[in-house]
Structures are given as C-alpha cells and as structure tokens.
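The next block is query.pdb, given as PDB, C-alpha atoms.
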```pdb
ATOM      1  CA  MET E   1     -12.659  18.774 -10.169  1.00  0.00           C
ATOM      2  CA  SER E   2      -9.078  19.780 -10.951  1.00  0.00           C
ATOM      3  CA  ASP E   3      -7.476  19.129 -14.329  1.00  0.00           C
ATOM      4  CA  ILE E   4      -5.098  16.611 -12.723  1.00  0.00           C
ATOM      5  CA  HIS E   5      -7.985  14.656 -11.190  1.00  0.00           C
ATOM      6  CA  ALA E   6      -9.861  14.701 -14.493  1.00  0.00           C
ATOM      7  CA  GLU E   7      -6.738  13.390 -16.259  1.00  0.00           C
ATOM      8  CA  LEU E   8      -6.332  10.701 -13.610  1.00  0.00           C
ATOM      9  CA  LEU E   9      -9.908   9.523 -14.137  1.00  0.00           C
ATOM     10  CA  ALA E  10      -9.376   9.531 -17.899  1.00  0.00           C
ATOM     11  CA  ALA E  11      -6.272   7.362 -17.510  1.00  0.00           C
ATOM     12  CA  GLN E  12      -8.201   4.910 -15.375  1.00  0.00           C
ATOM     13  CA  ALA E  13     -10.956   4.767 -17.987  1.00  0.00           C
ATOM     14  CA  ARG E  14      -8.294   3.899 -20.595  1.00  0.00           C
ATOM     15  CA  ARG E  15      -6.888   1.208 -18.246  1.00  0.00           C
ATOM     16  CA  GLN E  16      -3.593   3.106 -18.290  1.00  0.00           C
ATOM     17  CA  PRO E  17      -1.372   2.829 -15.186  1.00  0.00           C
ATOM     18  CA  VAL E  18      -0.441   6.190 -13.689  1.00  0.00           C
ATOM     19  CA  ALA E  19       1.053   7.440 -10.429  1.00  0.00           C
ATOM     20  CA  LEU E  20      -0.112  10.524  -8.560  1.00  0.00           C
ATOM     21  CA  ALA E  21       2.494  12.500  -6.615  1.00  0.00           C
ATOM     22  CA  ILE E  22       1.128  15.130  -4.248  1.00  0.00           C
ATOM     23  CA  ILE E  23       2.961  17.401  -1.832  1.00  0.00           C
ATOM     24  CA  VAL E  24       1.408  16.761   1.586  1.00  0.00           C
ATOM     25  CA  ASP E  25       3.651  18.890   3.804  1.00  0.00           C
ATOM     26  CA  SER E  26       6.414  21.486   3.552  1.00  0.00           C
ATOM     27  CA  ALA E  27       8.451  23.824   5.695  1.00  0.00           C
ATOM     28  CA  ARG E  28      10.326  27.047   4.973  1.00  0.00           C
ATOM     29  CA  SER E  29      11.377  27.816   1.407  1.00  0.00           C
ATOM     30  CA  VAL E  30      10.237  25.228  -1.193  1.00  0.00           C
ATOM     31  CA  PRO E  31       9.308  25.515  -4.889  1.00  0.00           C
ATOM     32  CA  ARG E  32       5.733  24.193  -4.418  1.00  0.00           C
ATOM     33  CA  ARG E  33       3.366  24.064  -1.462  1.00  0.00           C
ATOM     34  CA  PRO E  34       1.087  21.273  -0.133  1.00  0.00           C
ATOM     35  CA  GLY E  35      -1.548  20.307  -2.668  1.00  0.00           C
ATOM     36  CA  ALA E  36       0.727  20.563  -5.706  1.00  0.00           C
ATOM     37  CA  LYS E  37       0.233  17.482  -7.869  1.00  0.00           C
ATOM     38  CA  MET E  38       1.929  15.606 -10.689  1.00  0.00           C
ATOM     39  CA  LEU E  39       0.948  12.544 -12.709  1.00  0.00           C
ATOM     40  CA  VAL E  40       3.632  10.158 -13.945  1.00  0.00           C
ATOM     41  CA  TYR E  41       2.962   7.553 -16.639  1.00  0.00           C
ATOM     42  CA  VAL E  42       4.869   4.326 -17.185  1.00  0.00           C
ATOM     43  CA  ASP E  43       6.781   5.790 -20.127  1.00  0.00           C
ATOM     44  CA  GLY E  44       8.079   8.605 -17.896  1.00  0.00           C
ATOM     45  CA  THR E  45       5.881  11.362 -19.289  1.00  0.00           C
ATOM     46  CA  THR E  46       4.360  13.691 -16.721  1.00  0.00           C
ATOM     47  CA  SER E  47       1.538  16.149 -16.208  1.00  0.00           C
ATOM     48  CA  GLY E  48       1.704  18.867 -13.576  1.00  0.00           C
ATOM     49  CA  THR E  49       4.698  19.545 -11.382  1.00  0.00           C
ATOM     50  CA  VAL E  50       5.871  19.234  -7.790  1.00  0.00           C
ATOM     51  CA  GLY E  51       8.637  21.787  -8.199  1.00  0.00           C
ATOM     52  CA  GLY E  52      10.963  20.781 -11.010  1.00  0.00           C
ATOM     53  CA  GLY E  53      14.691  20.220 -10.832  1.00  0.00           C
ATOM     54  CA  GLU E  54      16.438  17.338  -9.130  1.00  0.00           C
ATOM     55  CA  MET E  55      13.654  16.879  -6.555  1.00  0.00           C
ATOM     56  CA  GLU E  56      11.106  16.313  -9.303  1.00  0.00           C
ATOM     57  CA  ALA E  57      13.465  13.990 -11.178  1.00  0.00           C
ATOM     58  CA  ARG E  58      13.813  11.835  -8.070  1.00  0.00           C
ATOM     59  CA  THR E  59      10.061  11.907  -7.519  1.00  0.00           C
ATOM     60  CA  ILE E  60       9.451  10.724 -11.089  1.00  0.00           C
ATOM     61  CA  ALA E  61      11.865   7.823 -10.518  1.00  0.00           C
ATOM     62  CA  GLU E  62      10.024   6.920  -7.321  1.00  0.00           C
ATOM     63  CA  CYS E  63       6.691   7.062  -9.149  1.00  0.00           C
ATOM     64  CA  LEU E  64       7.963   4.707 -11.843  1.00  0.00           C
ATOM     65  CA  ASP E  65       9.168   2.276  -9.190  1.00  0.00           C
ATOM     66  CA  ALA E  66       5.813   2.524  -7.395  1.00  0.00           C
ATOM     67  CA  LEU E  67       4.084   1.596 -10.645  1.00  0.00           C
ATOM     68  CA  THR E  68       6.336  -1.445 -10.924  1.00  0.00           C
ATOM     69  CA  VAL E  69       5.614  -2.760  -7.424  1.00  0.00           C
ATOM     70  CA  GLY E  70       2.059  -1.423  -7.214  1.00  0.00           C
ATOM     71  CA  LYS E  71       2.419   0.103  -3.754  1.00  0.00           C
ATOM     72  CA  PRO E  72       2.284   3.719  -2.465  1.00  0.00           C
ATOM     73  CA  ARG E  73       5.100   5.462  -0.643  1.00  0.00           C
ATOM     74  CA  ARG E  74       5.950   8.672   1.211  1.00  0.00           C
ATOM     75  CA  LEU E  75       9.020  10.693   0.211  1.00  0.00           C
ATOM     76  CA  SER E  76      10.886  13.213   2.356  1.00  0.00           C
ATOM     77  CA  TYR E  77      13.345  15.676   0.848  1.00  0.00           C
ATOM     78  CA  ALA E  78      15.547  18.313   2.439  1.00  0.00           C
ATOM     79  CA  LEU E  79      16.449  21.112   0.035  1.00  0.00           C
ATOM     80  CA  VAL E  80      19.528  22.431   1.797  1.00  0.00           C
ATOM     81  CA  ASP E  81      22.890  20.965   0.771  1.00  0.00           C
ATOM     82  CA  PRO E  82      23.371  19.210  -2.595  1.00  0.00           C
ATOM     83  CA  THR E  83      26.912  18.249  -1.588  1.00  0.00           C
ATOM     84  CA  SER E  84      25.296  16.037   1.061  1.00  0.00           C
ATOM     85  CA  GLY E  85      22.899  14.521  -1.456  1.00  0.00           C
ATOM     86  CA  ASP E  86      19.978  16.938  -1.106  1.00  0.00           C
ATOM     87  CA  PRO E  87      18.006  17.565  -4.324  1.00  0.00           C
ATOM     88  CA  GLY E  88      18.033  21.371  -3.979  1.00  0.00           C
ATOM     89  CA  VAL E  89      19.224  24.495  -2.166  1.00  0.00           C
ATOM     90  CA  CYS E  90      15.945  26.301  -1.419  1.00  0.00           C
ATOM     91  CA  GLY E  91      16.419  25.796   2.318  1.00  0.00           C
ATOM     92  CA  GLY E  92      13.218  23.957   3.146  1.00  0.00           C
ATOM     93  CA  GLU E  93      11.801  20.464   3.503  1.00  0.00           C
ATOM     94  CA  VAL E  94       9.029  18.782   1.585  1.00  0.00           C
ATOM     95  CA  GLU E  95       7.055  15.565   1.921  1.00  0.00           C
ATOM     96  CA  ILE E  96       5.428  13.931  -1.089  1.00  0.00           C
ATOM     97  CA  TYR E  97       2.933  11.095  -1.147  1.00  0.00           C
ATOM     98  CA  VAL E  98       3.075   8.827  -4.202  1.00  0.00           C
ATOM     99  CA  GLU E  99       0.160   6.572  -5.050  1.00  0.00           C
ATOM    100  CA  PRO E 100       0.101   4.260  -8.082  1.00  0.00           C
ATOM    101  CA  TYR E 101      -3.233   3.791  -9.807  1.00  0.00           C
ATOM    102  CA  MET E 102      -3.287   0.457 -11.579  1.00  0.00           C
ATOM    103  CA  PRO E 103      -6.015  -0.720 -13.949  1.00  0.00           C
ATOM    104  CA  GLN E 104      -8.748  -2.728 -12.284  1.00  0.00           C
ATOM    105  CA  ARG E 105      -7.861  -6.394 -12.405  1.00  0.00           C
ATOM    106  CA  THR E 106      -9.787  -8.085 -15.220  1.00  0.00           C
ATOM    107  CA  LEU E 107     -10.763 -11.724 -15.455  1.00  0.00           C
ATOM    108  CA  PHE E 108     -11.348 -12.955 -18.999  1.00  0.00           C
ATOM    109  CA  VAL E 109     -13.468 -16.105 -18.867  1.00  0.00           C
ATOM    110  CA  ILE E 110     -13.382 -18.213 -22.041  1.00  0.00           C
ATOM    111  CA  GLY E 111     -16.373 -20.524 -21.996  1.00  0.00           C
ATOM    112  CA  ALA E 112     -19.682 -19.598 -20.369  1.00  0.00           C
ATOM    113  CA  GLY E 113     -21.010 -23.014 -19.406  1.00  0.00           C
ATOM    114  CA  HIS E 114     -21.829 -24.001 -15.824  1.00  0.00           C
ATOM    115  CA  VAL E 115     -18.291 -23.536 -14.488  1.00  0.00           C
ATOM    116  CA  GLY E 116     -17.598 -20.419 -16.549  1.00  0.00           C
ATOM    117  CA  ALA E 117     -20.787 -18.794 -15.271  1.00  0.00           C
ATOM    118  CA  ALA E 118     -19.892 -19.703 -11.683  1.00  0.00           C
ATOM    119  CA  VAL E 119     -16.391 -18.246 -12.095  1.00  0.00           C
ATOM    120  CA  ALA E 120     -17.833 -15.038 -13.594  1.00  0.00           C
ATOM    121  CA  HIS E 121     -20.258 -14.616 -10.698  1.00  0.00           C
ATOM    122  CA  LEU E 122     -17.625 -15.240  -8.037  1.00  0.00           C
ATOM    123  CA  ALA E 123     -15.041 -13.002  -9.715  1.00  0.00           C
ATOM    124  CA  THR E 124     -17.566 -10.169  -9.903  1.00  0.00           C
ATOM    125  CA  TRP E 125     -18.367 -10.585  -6.213  1.00  0.00           C
ATOM    126  CA  LEU E 126     -14.611 -10.455  -5.486  1.00  0.00           C
ATOM    127  CA  GLY E 127     -14.328  -7.099  -7.242  1.00  0.00           C
ATOM    128  CA  HIS E 128     -12.838  -8.134 -10.570  1.00  0.00           C
ATOM    129  CA  ARG E 129     -13.833  -6.618 -13.853  1.00  0.00           C
ATOM    130  CA  VAL E 130     -15.208  -9.595 -15.780  1.00  0.00           C
ATOM    131  CA  VAL E 131     -15.243 -10.340 -19.501  1.00  0.00           C
ATOM    132  CA  VAL E 132     -16.922 -13.526 -20.721  1.00  0.00           C
ATOM    133  CA  TRP E 133     -16.632 -15.003 -24.209  1.00  0.00           C
ATOM    134  CA  ASP E 134     -18.346 -17.975 -25.761  1.00  0.00           C
ATOM    135  CA  ASP E 135     -18.877 -18.856 -29.413  1.00  0.00           C
ATOM    136  CA  ARG E 136     -22.236 -20.573 -28.876  1.00  0.00           C
ATOM    137  CA  GLU E 137     -25.509 -18.846 -29.684  1.00  0.00           C
ATOM    138  CA  GLY E 138     -27.556 -17.685 -26.696  1.00  0.00           C
ATOM    139  CA  ILE E 139     -24.860 -18.489 -24.166  1.00  0.00           C
ATOM    140  CA  ALA E 140     -25.200 -15.015 -22.646  1.00  0.00           C
ATOM    141  CA  GLU E 141     -28.430 -16.190 -21.050  1.00  0.00           C
ATOM    142  CA  THR E 142     -26.360 -18.183 -18.556  1.00  0.00           C
ATOM    143  CA  ILE E 143     -25.012 -14.964 -17.048  1.00  0.00           C
ATOM    144  CA  ASP E 144     -27.828 -12.548 -17.792  1.00  0.00           C
ATOM    145  CA  ASP E 145     -27.900 -11.427 -14.156  1.00  0.00           C
ATOM    146  CA  LEU E 146     -24.319 -10.104 -14.293  1.00  0.00           C
ATOM    147  CA  ASP E 147     -25.050  -6.532 -15.282  1.00  0.00           C
ATOM    148  CA  ASP E 148     -21.435  -5.383 -14.960  1.00  0.00           C
ATOM    149  CA  ALA E 149     -19.873  -8.195 -16.995  1.00  0.00           C
ATOM    150  CA  VAL E 150     -18.865  -7.703 -20.617  1.00  0.00           C
ATOM    151  CA  VAL E 151     -20.342 -10.601 -22.599  1.00  0.00           C
ATOM    152  CA  LEU E 152     -18.935 -11.333 -26.048  1.00  0.00           C
ATOM    153  CA  GLY E 153     -19.691 -13.810 -28.814  1.00  0.00           C
ATOM    154  CA  GLY E 154     -18.461 -14.441 -32.349  1.00  0.00           C
ATOM    155  CA  SER E 155     -14.845 -15.398 -32.929  1.00  0.00           C
ATOM    156  CA  LEU E 156     -12.260 -14.977 -30.192  1.00  0.00           C
ATOM    157  CA  ALA E 157     -10.123 -12.860 -32.522  1.00  0.00           C
ATOM    158  CA  GLN E 158     -13.009 -10.391 -32.851  1.00  0.00           C
ATOM    159  CA  ALA E 159     -13.590 -10.474 -29.098  1.00  0.00           C
ATOM    160  CA  LEU E 160      -9.943  -9.612 -28.438  1.00  0.00           C
ATOM    161  CA  GLU E 161     -10.240  -6.583 -30.693  1.00  0.00           C
ATOM    162  CA  THR E 162     -13.097  -5.355 -28.490  1.00  0.00           C
ATOM    163  CA  GLU E 163     -11.547  -6.394 -25.168  1.00  0.00           C
ATOM    164  CA  PRO E 164      -7.768  -6.862 -25.500  1.00  0.00           C
ATOM    165  CA  ILE E 165      -6.024  -9.065 -22.963  1.00  0.00           C
ATOM    166  CA  ASP E 166      -3.203  -7.105 -21.328  1.00  0.00           C
ATOM    167  CA  GLU E 167      -0.768  -7.589 -18.458  1.00  0.00           C
ATOM    168  CA  HIS E 168      -3.571  -6.794 -15.990  1.00  0.00           C
ATOM    169  CA  THR E 169      -5.878  -9.496 -17.349  1.00  0.00           C
ATOM    170  CA  GLN E 170      -6.013 -13.055 -16.054  1.00  0.00           C
ATOM    171  CA  VAL E 171      -7.494 -15.707 -18.327  1.00  0.00           C
ATOM    172  CA  VAL E 172      -9.619 -18.665 -17.286  1.00  0.00           C
ATOM    173  CA  MET E 173     -10.348 -21.193 -20.045  1.00  0.00           C
ATOM    174  CA  VAL E 174     -13.225 -23.522 -19.220  1.00  0.00           C
ATOM    175  CA  THR E 175     -13.888 -24.822 -22.703  1.00  0.00           C
ATOM    176  CA  ARG E 176     -15.661 -27.915 -23.985  1.00  0.00           C
ATOM    177  CA  ASN E 177     -13.004 -29.866 -25.904  1.00  0.00           C
ATOM    178  CA  VAL E 178      -9.367 -30.171 -26.988  1.00  0.00           C
ATOM    179  CA  ALA E 179     -10.053 -28.946 -30.516  1.00  0.00           C
ATOM    180  CA  LEU E 180     -11.325 -25.627 -29.202  1.00  0.00           C
ATOM    181  CA  ASP E 181      -8.361 -25.303 -26.837  1.00  0.00           C
ATOM    182  CA  VAL E 182      -5.931 -25.854 -29.722  1.00  0.00           C
ATOM    183  CA  GLU E 183      -7.759 -23.190 -31.727  1.00  0.00           C
ATOM    184  CA  ILE E 184      -7.960 -20.634 -28.924  1.00  0.00           C
ATOM    185  CA  LEU E 185      -4.676 -20.930 -27.036  1.00  0.00           C
ATOM    186  CA  PRO E 186      -2.467 -19.386 -29.753  1.00  0.00           C
ATOM    187  CA  HIS E 187      -4.544 -16.187 -29.499  1.00  0.00           C
ATOM    188  CA  VAL E 188      -4.183 -16.133 -25.713  1.00  0.00           C
ATOM    189  CA  LEU E 189      -0.484 -16.982 -25.733  1.00  0.00           C
ATOM    190  CA  ALA E 190       0.110 -13.988 -27.996  1.00  0.00           C
ATOM    191  CA  THR E 191      -1.034 -11.686 -25.155  1.00  0.00           C
ATOM    192  CA  LYS E 192       0.777 -10.441 -22.047  1.00  0.00           C
ATOM    193  CA  SER E 193      -1.599 -12.125 -19.609  1.00  0.00           C
ATOM    194  CA  PRO E 194       0.219 -13.030 -16.365  1.00  0.00           C
ATOM    195  CA  TYR E 195      -2.072 -16.005 -15.742  1.00  0.00           C
ATOM    196  CA  ILE E 196      -3.543 -18.432 -18.280  1.00  0.00           C
ATOM    197  CA  GLY E 197      -5.479 -21.250 -16.634  1.00  0.00           C
ATOM    198  CA  LEU E 198      -7.029 -24.170 -18.513  1.00  0.00           C
ATOM    199  CA  MET E 199      -9.582 -26.507 -16.939  1.00  0.00           C
ATOM    200  CA  GLY E 200      -9.289 -30.192 -17.650  1.00  0.00           C
ATOM    201  CA  SER E 201      -7.415 -33.340 -16.692  1.00  0.00           C
ATOM    202  CA  ASN E 202      -3.678 -33.887 -17.002  1.00  0.00           C
ATOM    203  CA  ARG E 203      -4.349 -36.194 -19.952  1.00  0.00           C
ATOM    204  CA  ARG E 204      -6.400 -33.532 -21.736  1.00  0.00           C
ATOM    205  CA  TRP E 205      -3.635 -30.957 -21.324  1.00  0.00           C
ATOM    206  CA  GLU E 206      -1.008 -33.440 -22.527  1.00  0.00           C
ATOM    207  CA  THR E 207      -3.084 -34.003 -25.670  1.00  0.00           C
ATOM    208  CA  THR E 208      -3.626 -30.283 -26.215  1.00  0.00           C
ATOM    209  CA  ARG E 209       0.028 -29.487 -25.595  1.00  0.00           C
ATOM    210  CA  ALA E 210       1.238 -32.161 -28.002  1.00  0.00           C
ATOM    211  CA  GLN E 211      -0.909 -30.725 -30.789  1.00  0.00           C
ATOM    212  CA  LEU E 212       0.321 -27.196 -30.092  1.00  0.00           C
ATOM    213  CA  VAL E 213       3.952 -28.348 -30.108  1.00  0.00           C
ATOM    214  CA  GLU E 214       3.304 -30.020 -33.444  1.00  0.00           C
ATOM    215  CA  ALA E 215       1.866 -26.701 -34.679  1.00  0.00           C
ATOM    216  CA  GLY E 216       5.138 -24.952 -33.785  1.00  0.00           C
ATOM    217  CA  HIS E 217       4.629 -23.598 -30.283  1.00  0.00           C
ATOM    218  CA  SER E 218       7.633 -23.740 -27.959  1.00  0.00           C
ATOM    219  CA  ASP E 219       7.824 -25.316 -24.516  1.00  0.00           C
ATOM    220  CA  GLU E 220       8.536 -21.854 -23.104  1.00  0.00           C
ATOM    221  CA  GLU E 221       5.249 -20.547 -24.504  1.00  0.00           C
ATOM    222  CA  LEU E 222       3.241 -23.517 -23.302  1.00  0.00           C
ATOM    223  CA  ASP E 223       4.768 -23.461 -19.820  1.00  0.00           C
ATOM    224  CA  ARG E 224       2.740 -20.277 -19.248  1.00  0.00           C
ATOM    225  CA  VAL E 225      -0.430 -22.371 -19.179  1.00  0.00           C
ATOM    226  CA  VAL E 226      -1.622 -23.623 -15.789  1.00  0.00           C
ATOM    227  CA  SER E 227      -3.473 -26.915 -16.185  1.00  0.00           C
ATOM    228  CA  PRO E 228      -5.278 -28.446 -14.443  1.00  0.00           C
ATOM    229  CA  ILE E 229      -6.593 -25.159 -13.105  1.00  0.00           C
ATOM    230  CA  GLY E 230      -7.503 -24.415  -9.482  1.00  0.00           C
ATOM    231  CA  LEU E 231      -6.364 -25.480  -6.029  1.00  0.00           C
ATOM    232  CA  GLU E 232      -6.959 -29.091  -5.052  1.00  0.00           C
ATOM    233  CA  ILE E 233      -9.886 -28.890  -2.625  1.00  0.00           C
ATOM    234  CA  HIS E 234     -11.794 -31.921  -3.993  1.00  0.00           C
ATOM    235  CA  ALA E 235     -14.283 -29.566  -5.629  1.00  0.00           C
ATOM    236  CA  GLU E 236     -17.215 -31.138  -7.442  1.00  0.00           C
ATOM    237  CA  THR E 237     -19.961 -28.589  -8.119  1.00  0.00           C
ATOM    238  CA  PRO E 238     -19.491 -25.620 -10.476  1.00  0.00           C
ATOM    239  CA  ALA E 239     -19.541 -23.265  -7.478  1.00  0.00           C
ATOM    240  CA  GLU E 240     -16.880 -25.282  -5.644  1.00  0.00           C
ATOM    241  CA  ILE E 241     -14.715 -25.442  -8.771  1.00  0.00           C
ATOM    242  CA  ALA E 242     -15.082 -21.663  -9.147  1.00  0.00           C
ATOM    243  CA  VAL E 243     -13.837 -21.226  -5.564  1.00  0.00           C
ATOM    244  CA  SER E 244     -10.773 -23.374  -6.272  1.00  0.00           C
ATOM    245  CA  ILE E 245     -10.017 -21.425  -9.464  1.00  0.00           C
ATOM    246  CA  MET E 246     -10.406 -17.990  -7.906  1.00  0.00           C
ATOM    247  CA  ALA E 247      -8.346 -19.016  -4.861  1.00  0.00           C
ATOM    248  CA  GLU E 248      -5.475 -19.983  -7.174  1.00  0.00           C
ATOM    249  CA  ILE E 249      -5.786 -16.727  -9.134  1.00  0.00           C
ATOM    250  CA  ILE E 250      -5.781 -14.625  -5.956  1.00  0.00           C
ATOM    251  CA  GLY E 251      -2.760 -16.484  -4.610  1.00  0.00           C
ATOM    252  CA  THR E 252      -0.859 -16.117  -7.885  1.00  0.00           C
ATOM    253  CA  ALA E 253      -1.629 -12.389  -8.119  1.00  0.00           C
ATOM    254  CA  ASN E 254      -0.640 -11.730  -4.502  1.00  0.00           C
ATOM    255  CA  ASP E 255       2.596 -13.666  -4.879  1.00  0.00           C
ATOM    256  CA  GLY E 256       3.484 -11.348  -7.768  1.00  0.00           C
TER     257      GLY E 256
END
```
So, in terms of structure tokens, how does the structure I just supplied come out?
Amino acid sequence: MSDIHAELLAAQARRQPVALAIIVDSARSVPRRPGAKMLVYVDGTTSGTVGGGEMEARTIAECLDALTVGKPRRLSYALVDPTSGDPGVCGGEVEIYVEPYMPQRTLFVIGAGHVGAAVAHLATWLGHRVVVWDDREGIAETIDDLDDAVVLGGSLAQALETEPIDEHTQVVMVTRNVALDVEILPHVLATKSPYIGLMGSNRRWETTRAQLVEAGHSDEELDRVVSPIGLEIHAETPAEIAVSIMAEIIGTANDG
C-alpha cells in the first residue's frame, strides 16, 4: 500500500473529508505521469503532488469544490500557452481524476425503545453508521443483534464526548416525554447536524418548543428541528414508522 493510500484510509478512520487527485492520462511533456497522486483536505492542505505550479493550484481548487458538492470529476489541462489560459508551458496534456471521500453517513438515534430499535436496524441495513443512545439501564438489550452499532448509555453529554455529532451526522430523537426532549435538544442544537428529527405529535412539539423558547432558544435554532418526524404513510408499527423516518432522511440528504 502506498503512503497516499495509507493516509487516505487514516483520514477516513478519523471521519475527515479528503479528496484524491490522480493523474490518469498524459501526453508529451508533463511534470508528472499517470499514477501521480495528491490528497487535498478541506482546509486546503495537501499531501503528494500532481506537478506543482498553476496546474496543481487549479486542481486543488477543483478538489475543494468536489468536497463541497460531494461528487467526482475529471479535469483536462493543456500545458502549452498560458496567454490562452493554459496552466503551464511544458507542451503536453494531462487528465486528472478527482474523487472526494466523505465520512460515512452516521445516524445518531436518541432513544432505543421499539421505534428507536427499528430505526437502528433499518439504518444499518441501508448502509448507515449507527450510534444509539439511551439513558435507561439495560436498554442495549433491545439492539443486541446490531454488532456494528455503537451503543451508549449514561448522560447524553458524555455520549457526545465519545461520539460527537458533526455535519455528517443525522439525528433521530424517539424519546419518551417532553421533559427529556427539553433536556436533550439544547445539546443537539449545539451541533452541526444537518437533520434533527423529533418523533411526536404537533401538540407535543408545540409544548417542547414553548419551553425551549422560555429557556432562551431562538426561533432560528428551533426551526432546525423536524417534528413530527417521517413521511406521512399512515405508519402504525415500529417497523413502518422506521420506514417513514428513513425515507424522509434519505430524501433530505439527497436534496442537499
């Protein structure tokens, strides 16, 4: 395994977004040949090189844009005439493939009752990395067959130290009462999660929201919360509710 590939795997293990740029074709005189690789991180730092100079500067910019949109791209550069906009004068052509490597999408399930367990099972089957938290003793037994899930107990603050919620983590709250929602939501709202869903009726959310407003939370903060959660498919069983929740999450993520 090359050093670049080892570094790429290490970045993935850290859940750190990174783009790989690799020269896939070239002709005539170019600074680097096919197989040359470079990693580009979201802060613009790099590892490796595809040739330096203006061509590499443009490639870095393309990598950063690819990380923003989450899609690969193929770049073609002629290195002939800078007065015509070419990024070099070597005399050749080069093609570079850019692929962004984003952290695996994580679903953080708060509440491991019947619905929470169903959501965790379905999300795992759909390929999500799953984290489940519940403050009740022995609740892990409800999902003891999910070998790949991270199951946490204790306080939510402690759980978030172990498994931080970042911009690649969607949150599903399937909790047991308003008091717990009022306690938990400030911790979740302090994260960069792109999706915070809360199960419950409109009346329950109105009650929860009113208490959070009274505690000093702004409408802008609270507008991030989706409640009731899930698509309206007249779901009744925990499995059906899990389908409606995951369908909404998939749709929201794909719209983004």
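Comparing the minimum interatomic distances between Gly127 in chain E and each of E:Leu185, E:Ala149, E:Leu67, E:Leu198, counting only C-alpha atoms, we find that E:Ala149 sits nearest.
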- Note on the structure: Using only C-alpha atoms, the residue out of E:Ile165, E:Ala78, E:Ala27, E:Val243 with shortest distance to Leu189 in chain E is E:Ile165
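Evaluated against the shown file, the PyMOL selection byres ((chain E and resi 51) around 8) gives Val30, Pro31, Arg32, Thr49, Val50, Gly52, Gly53, Met55 and Glu56 of chain E.
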Tell me, as a short mmCIF file (atom, residue, chain, number, x, y, z; two decimals) with C-alpha atoms, in the frame of the given file, which residues lie within 7 Å of Val42 in chain E, counting all atoms listed in the file; anything in the same chain fewer than 4 positions away does not count.
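Saved file out_6.cif follows:
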```cif
data_model
loop_
_atom_site.label_atom_id
_atom_site.label_comp_id
_atom_site.auth_asym_id
_atom_site.auth_seq_id
_atom_site.Cartn_x
_atom_site.Cartn_y
_atom_site.Cartn_z
CA PRO E 17 -1.37 2.83 -15.19
CA VAL E 18 -0.44 6.19 -13.69
CA LEU E 64 7.96 4.71 -11.84
#
```
- Point-to-point distance in Å for CA of Asp43 in chain E and CA of Ala6 in chain E: 19.7 Å
Gly138 in chain E environment, 12 Å, only C-alpha atoms, sequence neighbours closer than 5 positions dropped, as a PDB file with C-alpha atoms, keeping the file's coordinate frame:
```pdb
ATOM      1  CA  ALA E 112     -19.682 -19.598 -20.369  1.00  0.00           C
ATOM      2  CA  GLY E 113     -21.010 -23.014 -19.406  1.00  0.00           C
ATOM      3  CA  TRP E 133     -16.632 -15.003 -24.209  1.00  0.00           C
ATOM      4  CA  ILE E 143     -25.012 -14.964 -17.048  1.00  0.00           C
ATOM      5  CA  ASP E 144     -27.828 -12.548 -17.792  1.00  0.00           C
ATOM      6  CA  VAL E 151     -20.342 -10.601 -22.599  1.00  0.00           C
ATOM      7  CA  LEU E 152     -18.935 -11.333 -26.048  1.00  0.00           C
ATOM      8  CA  GLY E 153     -19.691 -13.810 -28.814  1.00  0.00           C
ATOM      9  CA  GLY E 154     -18.461 -14.441 -32.349  1.00  0.00           C
TER      10      GLY E 154
END
```
Result set, the PyMOL selection byres ((chain E and resi 150) around 10) on current file, as a PDB file with C-alpha atoms, keeping the file's coordinate frame:
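part25.pdb, freshly written:
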```
ATOM      1  CA  PHE E 108     -11.348 -12.955 -18.999  1.00  0.00           C
ATOM      2  CA  ARG E 129     -13.833  -6.618 -13.853  1.00  0.00           C
ATOM      3  CA  VAL E 130     -15.208  -9.595 -15.780  1.00  0.00           C
ATOM      4  CA  VAL E 131     -15.243 -10.340 -19.501  1.00  0.00           C
ATOM      5  CA  VAL E 132     -16.922 -13.526 -20.721  1.00  0.00           C
ATOM      6  CA  TRP E 133     -16.632 -15.003 -24.209  1.00  0.00           C
ATOM      7  CA  ALA E 140     -25.200 -15.015 -22.646  1.00  0.00           C
ATOM      8  CA  LEU E 146     -24.319 -10.104 -14.293  1.00  0.00           C
ATOM      9  CA  ASP E 147     -25.050  -6.532 -15.282  1.00  0.00           C
ATOM     10  CA  ASP E 148     -21.435  -5.383 -14.960  1.00  0.00           C
ATOM     11  CA  ALA E 149     -19.873  -8.195 -16.995  1.00  0.00           C
ATOM     12  CA  VAL E 151     -20.342 -10.601 -22.599  1.00  0.00           C
ATOM     13  CA  LEU E 152     -18.935 -11.333 -26.048  1.00  0.00           C
ATOM     14  CA  GLU E 163     -11.547  -6.394 -25.168  1.00  0.00           C
TER      15      GLU E 163
END
```
- Query: Can you list, as a ChimeraX atom specification, the residues that the PyMOL selection byres ((chain E and resi 196) around 7) selects here?
  - Reply: /E:170-172,193-195,197-198,224-226
Store the residues of this selection in a file with C-alpha atoms, as a PDB file, keeping the file's coordinate frame.
```
ATOM      1  CA  GLN E 170      -6.013 -13.055 -16.054  1.00  0.00           C
ATOM      2  CA  VAL E 171      -7.494 -15.707 -18.327  1.00  0.00           C
ATOM      3  CA  VAL E 172      -9.619 -18.665 -17.286  1.00  0.00           C
ATOM      4  CA  SER E 193      -1.599 -12.125 -19.609  1.00  0.00           C
ATOM      5  CA  PRO E 194       0.219 -13.030 -16.365  1.00  0.00           C
ATOM      6  CA  TYR E 195      -2.072 -16.005 -15.742  1.00  0.00           C
ATOM      7  CA  GLY E 197      -5.479 -21.250 -16.634  1.00  0.00           C
ATOM      8  CA  LEU E 198      -7.029 -24.170 -18.513  1.00  0.00           C
ATOM      9  CA  ARG E 224       2.740 -20.277 -19.248  1.00  0.00           C
ATOM     10  CA  VAL E 225      -0.430 -22.371 -19.179  1.00  0.00           C
ATOM     11  CA  VAL E 226      -1.622 -23.623 -15.789  1.00  0.00           C
TER      12      VAL E 226
END
```
- Kindly provide, as a VMD selection string, the polymer residues lying within 10 Å of (-7.1, 0.9, -10.1), counting all atoms listed in the file and using the coordinates exactly as they appear in the file. chain E and resid 9 11 to 13 15 to 18 70 100 to 105
- All residues 6 Å or closer to Glu95 in chain E, all atoms listed in the file, same chain fewer than 4 positions away omitted, as a PyMOL selection string: chain E and resi 23-25+75-76
- Item | Point-to-point distance from CA of Ile110 in chain E to CA of His234 in chain E, Å rounded to tenths |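 Between CA of Ile110 in chain E and CA of His234 in chain E the gap is 22.7 Å.
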- Item | Straight-line distance linking CA of Ser84 in chain E with CA of Cys63 in chain E, stated in Å to one decimal |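 Here the two named atoms are 23.0 Å from each other.
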- Near Val178 in chain E, within 7 Å and counting all atoms listed in the file, which residues show up once chain neighbours fewer than 3 positions away are dropped, as a PyMOL selection string? chain E and resi 181-182+204+208
- Ala179 in chain E environment, 10 Å, only C-alpha atoms, sequence neighbours closer than 3 positions dropped, as a PyMOL selection string: chain E and resi 175-176+182-184+207-208+211
- Message: Ranking E:Thr237, E:Val89, E:Thr191, E:Pro186 by minimum distance to Leu222 in chain E and counting all atoms listed in the file, which one comes first?
- Response: E:Pro186
Could you give me the axis-aligned bounding box of range 21-37 of chain E, with 5 Å of padding per side, as centre plus edge lengths in Å to one decimal, as lines of an AutoDock Vina configuration file?
```
center_x = 4.9
center_y = 20.2
center_z = -1.1
size_x = 22.9
size_y = 25.3
size_z = 23.6
```
